[in-house]
Amino acid sequence: MMQTDQRILLVGNQSERVNRLSCIFEFLGEQVELLVIDKLEERVLKTRYRAVVIINDGHSTELLQSVASALPWQPILLLGQAANFTASNLLGCIEEPLSYPQLTELLHFCQVFMQCKRPDVPTSGNQTKLFRSLVGRSEGIANVRHLINQVASSDATVLVLGPSGTGKEVVARNVHYISDRRDAPFIPVNCGAIPPELLESELFGHEKGSFTGAISARKGRFELAEGGTLFLDEIGDMPLQMQVKLLRVLQERVFERVGGSKPISANVRVVAATHRDLEQMIADGEFREDLFYRLNVFPIEMPSLSERKDDIPLLLQELVSRVYNEGRGKVRFTQRAIESLKEHAWSGNVRELSNLVERLTILYPGGLVDVNDLPIKYRHIDVPEYQIQMSEEELERDALASIFSDDIEVDIPETRFPSELPPEGVNLKDLLAELEIDMIRQALDQQDNVVARAAEMLGIRRTTLVEKMRKYGMSKE
């Protein structure tokens, strides 16, 4: 697995140029190591260095090109010019005489390259398992995984931002389970779901008799999370008076139970999350600015699903597998259905997609879902339904049975359709045809001429309605 080393490799033979460059790098606070070019590929096979500086002592262009292409993830600098040597990871040439501005600028280029080119990161078994909940190849979700890797090993407070349903708690769990606190508890608290008068007791606990109903002492979430991670979801819904008390705990790492006076230390890593605009809440006087800066030490912003629609096929695969592993059946999707889902706005984000997968698993257990099997609001591609050949008699029987079923309410004008049979009799076929035409027109009018919705309203299949409209020479207009 690829590891990262913050040293700079100087590749070449010992010389006065190398010594001079090494001294300047060390003056800049960098660690350097000298390596002959024959050992370079072997050394960087599993380790990624801050920079590889190749000392051009007359190396052939072919050799330099070969080295660069073999290490596409490694930023390379060249001391001295080399004709016709170009590579995507060759970030610049160090010109002599050496200068501070030039070297710091080139090192910054290497840093940016390392941040953008992240093909491999060290992962543990726990991390691999949990990151399945953050599947996707989009730039937004890749950046989230990178930020989680950066912050997990520290104890910095994390603030996860983003719309509802994007997976903010998943991020918090990943931060916990790949950190050194993974063996301690992960305790989630939804600040918006707990009544304001109970939130202080819920977070800090209470002593026996501290209020009516406190028949025994009780630990709060901070104590339960000791040594681990406390996840404060919907932090934007926390009342102002509680914000003051939370700020004190974050600053002093000490709190007291409700009704108690004994200080209790809090060895807890706090991860907070919200879908609200905290800076606007500060401007409106609804959120404390000092608490915001305490929480916003390391922000991670979750992209909405509409910003990462190319991840939908991978998310579907993961969600289907999850439902199947829970013993609730399995469903598959045609390519057309996936393309239709990619066109949807997804106001509920990944949570909405997850709910849809569960619903379709119930409707089509073990089945293959096409566009017309999706709920109407998810059909963004016009695909004609597969039609089974039926005789006219079968179509009439199907339509009439649906129209006169107990579940369908029909508005039959009394003047055209008498409740009693007249003495002279009626032409039943014409009467039923007129009834069908009238019902179809009403349904189309009420459903804005959307055939699929009109068919649903009449309780018949779309193909049956299309056949009837064709038979009577009717159009949607």
# chains A, B, ... in the order shown; residues from 1 in each chain; ligands from 1
>>> closest_atom_pairs(of="segment 38-64 of chain A", to="segment 104-112 of chain A", cutoff="10 Å", atoms="only C-alpha atoms", output="tab-separated table")
residue	atom	partner	partner_atom	distance
A:Tyr49	CA	A:Cys110	CA	9.7
A:Arg50	CA	A:Cys110	CA	6.9
A:Ala51	CA	A:Cys110	CA	6.3
A:Val52	CA	A:Cys110	CA	9.3
>>> write_last_selection(atoms="N, CA and C atoms", output="tab-separated table (two decimals), in the first residue's frame")
chain	number	residue	atom	x	y	z
A	49	TYR	N	7.27	10.35	-2.16
A	49	TYR	CA	8.07	11.38	-1.50
A	49	TYR	C	7.54	12.77	-1.81
A	50	ARG	N	7.89	13.70	-0.93
A	50	ARG	CA	7.47	15.10	-1.12
A	50	ARG	C	7.92	15.61	-2.48
A	51	ALA	N	9.10	15.24	-2.88
A	51	ALA	CA	9.61	15.60	-4.21
A	51	ALA	C	10.80	14.72	-4.53
A	52	VAL	N	10.96	14.43	-5.81
A	52	VAL	CA	12.16	13.75	-6.30
A	52	VAL	C	12.89	14.74	-7.20
>>> select_by_dssp(residues="segment 218-409 of chain A", states="strand (DSSP E or B)", output="ChimeraX atom specification")
/A:218,229-233,254-255,258,264-265,269-274,298-301,332-333,368-369
>>> select_by_dssp(residues="segment 267-378 of chain A", states="alpha helix (DSSP H)", output="VMD selection string")
chain A and resid 278 to 283 289 to 295 312 to 325 335 to 342 349 to 363
>>> residues_around(residues="Thr361 of chain A", least_positions_apart="2", cutoff="12 Å", atoms="only C-alpha atoms", output="ChimeraX atom specification")
/A:316,319-324,326-333,354-359,363-369,373-374
>>> closest_residue(among="A:Gly220, A:Pro97, A:Pro299, A:Pro75", to="Ala172 of chain A", atoms="only C-alpha atoms")
A:Pro299
>>> residues_around(residues="Gly236 of chain A", least_positions_apart="3", cutoff="10 Å", atoms="only C-alpha atoms", output="list in words")
Cys191, Gly192, Leu232, Asp233, Pro239, Leu240, Gln243, Ala272, Ala273, Thr274, His275, Arg276, Asp277, Leu278, Met281, Glu286, Phe287 and Phe292 of chain A
>>> atom_distance(atom1="atom CA of Pro188 of chain A", atom2="atom CA of Leu314 of chain A")
27.3 Å
>>> residues_around(residues="Pro375 of chain A", least_positions_apart="3", cutoff="12 Å", atoms="only C-alpha atoms", output="PyMOL selection string")
chain A and resi 337+340-341+344+356-357+359-360+363+369-372+378-380+452-453+456
>>> write_last_selection(atoms="N, CA, C and O atoms", output="compact mmCIF listing (two decimals), in the first residue's frame")
# COMPACT_ATOMS: atom_id res chain seq x y z
N ALA A 337 -32.97 2.61 -17.00
CA ALA A 337 -33.46 3.05 -15.70
C ALA A 337 -32.40 3.86 -14.96
O ALA A 337 -32.69 4.89 -14.33
N SER A 340 -32.19 7.27 -16.42
CA SER A 340 -33.33 8.08 -15.99
C SER A 340 -33.11 8.60 -14.57
O SER A 340 -33.40 9.77 -14.28
N LEU A 341 -32.59 7.75 -13.69
CA LEU A 341 -32.32 8.17 -12.30
C LEU A 341 -31.24 9.25 -12.25
O LEU A 341 -31.28 10.13 -11.37
N HIS A 344 -32.65 12.76 -12.41
CA HIS A 344 -33.53 13.24 -11.34
C HIS A 344 -32.81 14.30 -10.49
O HIS A 344 -31.58 14.31 -10.40
N LEU A 356 -35.74 4.64 -2.30
CA LEU A 356 -36.26 4.16 -3.58
C LEU A 356 -35.84 2.71 -3.82
O LEU A 356 -36.65 1.88 -4.27
N VAL A 357 -34.59 2.39 -3.53
CA VAL A 357 -34.11 1.02 -3.70
C VAL A 357 -34.90 0.05 -2.83
O VAL A 357 -35.31 -1.03 -3.28
N ARG A 359 -37.98 0.43 -1.72
CA ARG A 359 -39.34 0.32 -2.26
C ARG A 359 -39.39 -0.59 -3.48
O ARG A 359 -40.26 -1.46 -3.60
N LEU A 360 -38.42 -0.43 -4.38
CA LEU A 360 -38.41 -1.25 -5.59
C LEU A 360 -38.08 -2.71 -5.28
O LEU A 360 -38.53 -3.61 -5.98
N LEU A 363 -41.39 -4.12 -4.42
CA LEU A 363 -42.29 -4.23 -5.57
C LEU A 363 -41.84 -5.29 -6.57
O LEU A 363 -42.66 -5.99 -7.17
N VAL A 369 -35.61 -3.80 -13.01
CA VAL A 369 -36.40 -2.58 -13.06
C VAL A 369 -36.03 -1.77 -14.29
O VAL A 369 -34.86 -1.44 -14.51
N ASP A 370 -37.05 -1.45 -15.11
CA ASP A 370 -36.85 -0.58 -16.27
C ASP A 370 -37.45 0.79 -15.97
O ASP A 370 -38.04 1.01 -14.90
N VAL A 371 -37.35 1.71 -16.93
CA VAL A 371 -37.81 3.08 -16.70
C VAL A 371 -39.28 3.11 -16.27
O VAL A 371 -39.65 3.78 -15.32
N ASN A 372 -40.13 2.37 -16.97
CA ASN A 372 -41.57 2.42 -16.69
C ASN A 372 -41.95 1.69 -15.41
O ASN A 372 -43.12 1.72 -15.01
N TYR A 378 -39.70 9.70 -11.22
CA TYR A 378 -38.33 9.33 -11.57
C TYR A 378 -38.18 8.95 -13.04
O TYR A 378 -37.09 8.57 -13.47
N ARG A 379 -39.25 9.05 -13.80
CA ARG A 379 -39.20 8.70 -15.23
C ARG A 379 -38.85 9.94 -16.04
O ARG A 379 -39.71 10.76 -16.34
N HIS A 380 -37.59 10.08 -16.38
CA HIS A 380 -37.13 11.25 -17.14
C HIS A 380 -36.72 10.88 -18.56
O HIS A 380 -36.21 11.73 -19.29
N ALA A 452 -49.63 8.38 -18.85
CA ALA A 452 -49.31 7.43 -17.79
C ALA A 452 -50.11 7.71 -16.53
O ALA A 452 -50.64 6.80 -15.88
N ARG A 453 -50.26 9.00 -16.19
CA ARG A 453 -51.00 9.35 -14.97
C ARG A 453 -52.50 9.14 -15.17
O ARG A 453 -53.21 8.74 -14.25
N GLU A 456 -53.19 5.56 -14.74
CA GLU A 456 -53.16 5.21 -13.32
C GLU A 456 -54.45 5.63 -12.62
O GLU A 456 -54.99 4.91 -11.78
>>> atom_distance(atom1="atom CA of Met238 of chain A", atom2="atom CA of Ala193 of chain A")
9.8 Å
>>> residues_around(residues="Gly140 of chain A", least_positions_apart="3", cutoff="9 Å", atoms="only C-alpha atoms", output="list in words")
Gly136, Arg137, Asn143, Val144, Arg145, Glu301, Met302, Pro303, Glu307 and Arg308 of chain A
>>> residues_around(residues="Ala152 of chain A", least_positions_apart="5", cutoff="10 Å", atoms="only C-alpha atoms", output="PyMOL selection string")
chain A and resi 147+158+172+174-181
>>> write_last_selection(atoms="all heavy atoms", output="mmCIF file, in the first residue's frame")
data_model
loop_
_atom_site.group_PDB
_atom_site.id
_atom_site.type_symbol
_atom_site.label_atom_id
_atom_site.label_comp_id
_atom_site.auth_asym_id
_atom_site.auth_seq_id
_atom_site.Cartn_x
_atom_site.Cartn_y
_atom_site.Cartn_z
ATOM 1 N N LEU A 147 -10.035 14.308 2.842
ATOM 2 C CA LEU A 147 -10.082 15.130 4.057
ATOM 3 C C LEU A 147 -10.251 14.265 5.296
ATOM 4 O O LEU A 147 -9.655 14.539 6.342
ATOM 5 C CB LEU A 147 -11.226 16.145 3.945
ATOM 6 C CG LEU A 147 -11.060 17.248 2.903
ATOM 7 C CD1 LEU A 147 -12.317 18.092 2.813
ATOM 8 C CD2 LEU A 147 -9.855 18.124 3.218
ATOM 9 N N VAL A 158 -14.260 18.558 14.105
ATOM 10 C CA VAL A 158 -14.653 18.514 12.699
ATOM 11 C C VAL A 158 -16.087 19.014 12.576
ATOM 12 O O VAL A 158 -16.952 18.662 13.385
ATOM 13 C CB VAL A 158 -14.548 17.078 12.136
ATOM 14 C CG1 VAL A 158 -15.020 17.011 10.689
ATOM 15 C CG2 VAL A 158 -13.115 16.568 12.255
ATOM 16 N N ALA A 172 -18.798 11.213 9.873
ATOM 17 C CA ALA A 172 -18.403 11.223 11.285
ATOM 18 C C ALA A 172 -17.945 9.838 11.732
ATOM 19 O O ALA A 172 -16.935 9.704 12.444
ATOM 20 C CB ALA A 172 -19.576 11.698 12.147
ATOM 21 N N ASN A 174 -16.684 7.464 9.835
ATOM 22 C CA ASN A 174 -15.392 7.192 9.204
ATOM 23 C C ASN A 174 -14.256 7.876 9.945
ATOM 24 O O ASN A 174 -13.199 7.286 10.160
ATOM 25 C CB ASN A 174 -15.424 7.647 7.741
ATOM 26 C CG ASN A 174 -15.968 6.594 6.805
ATOM 27 O OD1 ASN A 174 -15.255 5.684 6.403
ATOM 28 N ND2 ASN A 174 -17.242 6.700 6.470
ATOM 29 N N VAL A 175 -14.474 9.142 10.325
ATOM 30 C CA VAL A 175 -13.447 9.876 11.074
ATOM 31 C C VAL A 175 -13.112 9.126 12.363
ATOM 32 O O VAL A 175 -11.936 8.995 12.740
ATOM 33 C CB VAL A 175 -13.934 11.311 11.385
ATOM 34 C CG1 VAL A 175 -13.005 11.985 12.393
ATOM 35 C CG2 VAL A 175 -14.019 12.134 10.117
ATOM 36 N N HIS A 176 -14.146 8.599 13.030
ATOM 37 C CA HIS A 176 -13.932 7.882 14.294
ATOM 38 C C HIS A 176 -13.212 6.553 14.076
ATOM 39 O O HIS A 176 -12.211 6.259 14.745
ATOM 40 C CB HIS A 176 -15.271 7.647 14.985
ATOM 41 C CG HIS A 176 -15.179 6.778 16.200
ATOM 42 N ND1 HIS A 176 -14.618 7.200 17.390
ATOM 43 C CD2 HIS A 176 -15.539 5.475 16.409
ATOM 44 C CE1 HIS A 176 -14.657 6.222 18.278
ATOM 45 N NE2 HIS A 176 -15.211 5.157 17.715
ATOM 46 N N TYR A 177 -13.706 5.760 13.141
ATOM 47 C CA TYR A 177 -13.232 4.375 13.040
ATOM 48 C C TYR A 177 -11.865 4.219 12.375
ATOM 49 O O TYR A 177 -11.298 3.135 12.416
ATOM 50 C CB TYR A 177 -14.269 3.513 12.328
ATOM 51 C CG TYR A 177 -15.443 3.175 13.212
ATOM 52 C CD1 TYR A 177 -16.710 3.681 12.947
ATOM 53 C CD2 TYR A 177 -15.288 2.372 14.341
ATOM 54 C CE1 TYR A 177 -17.787 3.389 13.768
ATOM 55 C CE2 TYR A 177 -16.355 2.082 15.166
ATOM 56 C CZ TYR A 177 -17.604 2.589 14.873
ATOM 57 O OH TYR A 177 -18.661 2.310 15.693
ATOM 58 N N ILE A 178 -11.332 5.269 11.773
ATOM 59 C CA ILE A 178 -9.954 5.168 11.276
ATOM 60 C C ILE A 178 -9.009 6.031 12.122
ATOM 61 O O ILE A 178 -7.869 6.254 11.752
ATOM 62 C CB ILE A 178 -9.837 5.535 9.783
ATOM 63 C CG1 ILE A 178 -10.230 6.995 9.529
ATOM 64 C CG2 ILE A 178 -10.668 4.599 8.937
ATOM 65 C CD1 ILE A 178 -9.971 7.441 8.092
ATOM 66 N N SER A 179 -9.522 6.498 13.273
ATOM 67 C CA SER A 179 -8.685 7.277 14.188
ATOM 68 C C SER A 179 -8.155 6.364 15.287
ATOM 69 O O SER A 179 -8.509 5.192 15.382
ATOM 70 C CB SER A 179 -9.501 8.412 14.812
ATOM 71 O OG SER A 179 -10.422 7.894 15.754
ATOM 72 N N ASP A 180 -7.332 6.922 16.141
ATOM 73 C CA ASP A 180 -6.803 6.162 17.279
ATOM 74 C C ASP A 180 -7.876 5.908 18.338
ATOM 75 O O ASP A 180 -7.647 5.154 19.287
ATOM 76 C CB ASP A 180 -5.631 6.926 17.919
ATOM 77 C CG ASP A 180 -4.438 7.031 16.974
ATOM 78 O OD1 ASP A 180 -4.344 6.176 16.059
ATOM 79 O OD2 ASP A 180 -3.634 7.967 17.126
ATOM 80 N N ARG A 181 -9.045 6.550 18.188
ATOM 81 C CA ARG A 181 -10.133 6.378 19.152
ATOM 82 C C ARG A 181 -11.105 5.270 18.734
ATOM 83 O O ARG A 181 -12.166 5.123 19.328
ATOM 84 C CB ARG A 181 -10.899 7.696 19.299
ATOM 85 C CG ARG A 181 -10.060 8.831 19.891
ATOM 86 C CD ARG A 181 -10.870 10.117 19.934
ATOM 87 N NE ARG A 181 -10.108 11.198 20.559
ATOM 88 C CZ ARG A 181 -10.171 11.526 21.846
ATOM 89 N NH1 ARG A 181 -10.970 10.828 22.646
ATOM 90 N NH2 ARG A 181 -9.458 12.519 22.342
#
>>> closest_residue(among="A:Glu62, A:Glu95, A:Asp445, A:Glu41", to="Leu21 of chain A", atoms="only C-alpha atoms")
A:Glu95
>>> atom_distance(atom1="atom CA of Phe231 of chain A", atom2="atom CA of Ala217 of chain A")
23.0 Å
>>> closest_residue(among="A:Pro384, A:Gly80, A:Arg294, A:Ile460", to="Ala443 of chain A", atoms="only C-alpha atoms")
A:Ile460
